[in-house]
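Student: One structure, pasted below without further comment.
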Amino acid sequence: MILKDQITNIFVQIDDFCKEFNEKIKNLKKNALPDEKKRRNRSCLMSDSEIITIMIGFHLGAHKTFKHYYKEIVCGYWKDLF
């Protein structure tokens, strides 16, 4: 089982990566041609780094289905982390 300190460390590293990655994407979009399609601009309830951390925790864990992992671990054990 993964400890809270390990998950926190993984989250911090992923969060730093996502911040750098998003800055590079913003710079690329400035130079790109305008997009004519209408797109929704809803903000997500969870950040990209939170989602990636949950997925990494699932792959490092012993659960067979993501549904059981999410209900048992994320909704219970990780409430205080996010």
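Ordered as shown in the structure tokens, chains take letters A, B, and onward, while each chain numbers its residues from 1 and ligands are numbered from 1 in the order shown.
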Would you write out, as CSV, a table of all residues in stretch 13-34 of chain A that have an atom no more than 7 Å from an atom of stretch 49-66 of chain A, listing for each the closest atom pair and the distance in Å to one decimal, considering only C-alpha atoms and ordering rows by chain and rising residue number?

Tutor:
residue,atom,partner,partner_atom,distance
A:Ile14,CA,A:Ser49,CA,5.6
A:Asp15,CA,A:Ser49,CA,5.1
A:Cys18,CA,A:Ser49,CA,6.4

Student: DSSP on the backbone: what in chain A comes out helix (DSSP H, G or I), as an NGL selection string?

Tutor: :A and (4-31 or 48-60 or 66-77)

Student: Write to file, as a compact mmCIF listing (two decimals), in the first residue's frame, the residues of the selection just made, with N, CA and C atoms.

Tutor:
# COMPACT_ATOMS: atom_id res chain seq x y z
N LYS A 4 0.79 8.02 2.56
CA LYS A 4 0.38 9.39 2.23
C LYS A 4 1.56 10.26 1.84
N ASP A 5 2.70 10.05 2.49
CA ASP A 5 3.89 10.85 2.15
C ASP A 5 4.35 10.58 0.73
N GLN A 6 4.27 9.33 0.30
CA GLN A 6 4.67 8.98 -1.06
C GLN A 6 3.73 9.61 -2.08
N ILE A 7 2.42 9.55 -1.80
CA ILE A 7 1.43 10.14 -2.70
C ILE A 7 1.62 11.65 -2.77
N THR A 8 1.89 12.27 -1.63
CA THR A 8 2.11 13.72 -1.61
C THR A 8 3.34 14.08 -2.44
N ASN A 9 4.40 13.31 -2.31
CA ASN A 9 5.62 13.54 -3.08
C ASN A 9 5.35 13.38 -4.58
N ILE A 10 4.62 12.34 -4.95
CA ILE A 10 4.27 12.12 -6.35
C ILE A 10 3.43 13.27 -6.87
N PHE A 11 2.45 13.71 -6.07
CA PHE A 11 1.59 14.82 -6.48
C PHE A 11 2.38 16.10 -6.72
N VAL A 12 3.30 16.41 -5.84
CA VAL A 12 4.10 17.64 -5.99
C VAL A 12 4.93 17.59 -7.27
N GLN A 13 5.53 16.46 -7.55
CA GLN A 13 6.32 16.33 -8.77
C GLN A 13 5.46 16.46 -10.02
N ILE A 14 4.29 15.83 -9.99
CA ILE A 14 3.38 15.90 -11.14
C ILE A 14 2.85 17.32 -11.30
N ASP A 15 2.54 17.98 -10.20
CA ASP A 15 2.02 19.34 -10.25
C ASP A 15 3.05 20.29 -10.87
N ASP A 16 4.31 20.15 -10.48
CA ASP A 16 5.37 20.97 -11.07
C ASP A 16 5.48 20.72 -12.57
N PHE A 17 5.41 19.46 -12.97
CA PHE A 17 5.46 19.11 -14.39
C PHE A 17 4.29 19.73 -15.14
N CYS A 18 3.08 19.62 -14.60
CA CYS A 18 1.89 20.14 -15.28
C CYS A 18 1.94 21.65 -15.42
N LYS A 19 2.48 22.34 -14.43
CA LYS A 19 2.61 23.80 -14.53
C LYS A 19 3.54 24.18 -15.67
N GLU A 20 4.69 23.52 -15.77
CA GLU A 20 5.63 23.80 -16.86
C GLU A 20 5.03 23.44 -18.21
N PHE A 21 4.34 22.30 -18.27
CA PHE A 21 3.74 21.84 -19.51
C PHE A 21 2.66 22.81 -19.99
N ASN A 22 1.82 23.29 -19.08
CA ASN A 22 0.76 24.22 -19.45
C ASN A 22 1.32 25.55 -19.95
N GLU A 23 2.42 25.99 -19.37
CA GLU A 23 3.06 27.22 -19.85
C GLU A 23 3.57 27.06 -21.28
N LYS A 24 4.16 25.90 -21.58
CA LYS A 24 4.65 25.65 -22.93
C LYS A 24 3.50 25.55 -23.92
N ILE A 25 2.38 24.96 -23.51
CA ILE A 25 1.21 24.86 -24.38
C ILE A 25 0.65 26.25 -24.66
N LYS A 26 0.61 27.11 -23.64
CA LYS A 26 0.11 28.48 -23.85
C LYS A 26 0.99 29.22 -24.86
N ASN A 27 2.28 29.03 -24.77
CA ASN A 27 3.19 29.68 -25.72
C ASN A 27 2.98 29.16 -27.14
N LEU A 28 2.72 27.86 -27.27
CA LEU A 28 2.47 27.29 -28.60
C LEU A 28 1.15 27.80 -29.17
N LYS A 29 0.13 27.96 -28.33
CA LYS A 29 -1.17 28.42 -28.81
C LYS A 29 -1.13 29.87 -29.26
N LYS A 30 -0.24 30.66 -28.70
CA LYS A 30 -0.11 32.05 -29.12
C LYS A 30 0.33 32.14 -30.57
N ASN A 31 1.19 31.23 -30.99
CA ASN A 31 1.74 31.25 -32.35
C ASN A 31 0.92 30.44 -33.35
N ASP A 48 -5.39 18.72 -13.47
CA ASP A 48 -4.74 17.63 -14.21
C ASP A 48 -3.81 16.83 -13.31
N SER A 49 -3.11 17.51 -12.43
CA SER A 49 -2.17 16.82 -11.55
C SER A 49 -2.89 15.91 -10.56
N GLU A 50 -4.09 16.29 -10.12
CA GLU A 50 -4.87 15.41 -9.23
C GLU A 50 -5.31 14.15 -9.96
N ILE A 51 -5.78 14.32 -11.18
CA ILE A 51 -6.23 13.18 -11.97
C ILE A 51 -5.07 12.23 -12.26
N ILE A 52 -3.93 12.77 -12.65
CA ILE A 52 -2.77 11.93 -12.96
C ILE A 52 -2.28 11.21 -11.71
N THR A 53 -2.30 11.88 -10.57
CA THR A 53 -1.88 11.25 -9.31
C THR A 53 -2.80 10.09 -8.95
N ILE A 54 -4.10 10.27 -9.14
CA ILE A 54 -5.04 9.18 -8.87
C ILE A 54 -4.79 8.00 -9.78
N MET A 55 -4.52 8.26 -11.06
CA MET A 55 -4.24 7.17 -11.99
C MET A 55 -2.94 6.44 -11.65
N ILE A 56 -1.92 7.16 -11.26
CA ILE A 56 -0.66 6.53 -10.86
C ILE A 56 -0.87 5.69 -9.61
N GLY A 57 -1.62 6.22 -8.65
CA GLY A 57 -1.92 5.45 -7.44
C GLY A 57 -2.68 4.17 -7.75
N PHE A 58 -3.59 4.22 -8.71
CA PHE A 58 -4.32 3.02 -9.11
C PHE A 58 -3.37 1.98 -9.71
N HIS A 59 -2.47 2.41 -10.56
CA HIS A 59 -1.55 1.47 -11.20
C HIS A 59 -0.51 0.92 -10.23
N LEU A 60 -0.20 1.65 -9.18
CA LEU A 60 0.74 1.15 -8.19
C LEU A 60 0.06 0.28 -7.13
N PHE A 66 -10.88 0.05 -11.40
CA PHE A 66 -10.73 1.44 -11.00
C PHE A 66 -11.90 1.89 -10.13
N LYS A 67 -13.09 1.34 -10.38
CA LYS A 67 -14.26 1.72 -9.59
C LYS A 67 -14.06 1.41 -8.11
N HIS A 68 -13.60 0.22 -7.81
CA HIS A 68 -13.37 -0.15 -6.41
C HIS A 68 -12.23 0.67 -5.80
N TYR A 69 -11.19 0.91 -6.57
CA TYR A 69 -10.09 1.73 -6.09
C TYR A 69 -10.57 3.13 -5.74
N TYR A 70 -11.34 3.72 -6.64
CA TYR A 70 -11.80 5.09 -6.42
C TYR A 70 -12.71 5.19 -5.20
N LYS A 71 -13.64 4.25 -5.08
CA LYS A 71 -14.57 4.29 -3.95
C LYS A 71 -13.87 4.03 -2.62
N GLU A 72 -12.99 3.06 -2.58
CA GLU A 72 -12.34 2.69 -1.32
C GLU A 72 -11.20 3.63 -0.93
N ILE A 73 -10.35 3.94 -1.87
CA ILE A 73 -9.13 4.70 -1.55
C ILE A 73 -9.34 6.20 -1.73
N VAL A 74 -9.73 6.61 -2.91
CA VAL A 74 -9.80 8.04 -3.21
C VAL A 74 -10.88 8.73 -2.39
N CYS A 75 -12.08 8.17 -2.38
CA CYS A 75 -13.18 8.83 -1.67
C CYS A 75 -13.00 8.75 -0.15
N GLY A 76 -12.33 7.76 0.35
CA GLY A 76 -12.15 7.64 1.79
C GLY A 76 -10.81 8.12 2.28
N TYR A 77 -9.77 7.52 1.79
CA TYR A 77 -8.42 7.72 2.30
C TYR A 77 -7.81 9.04 1.85
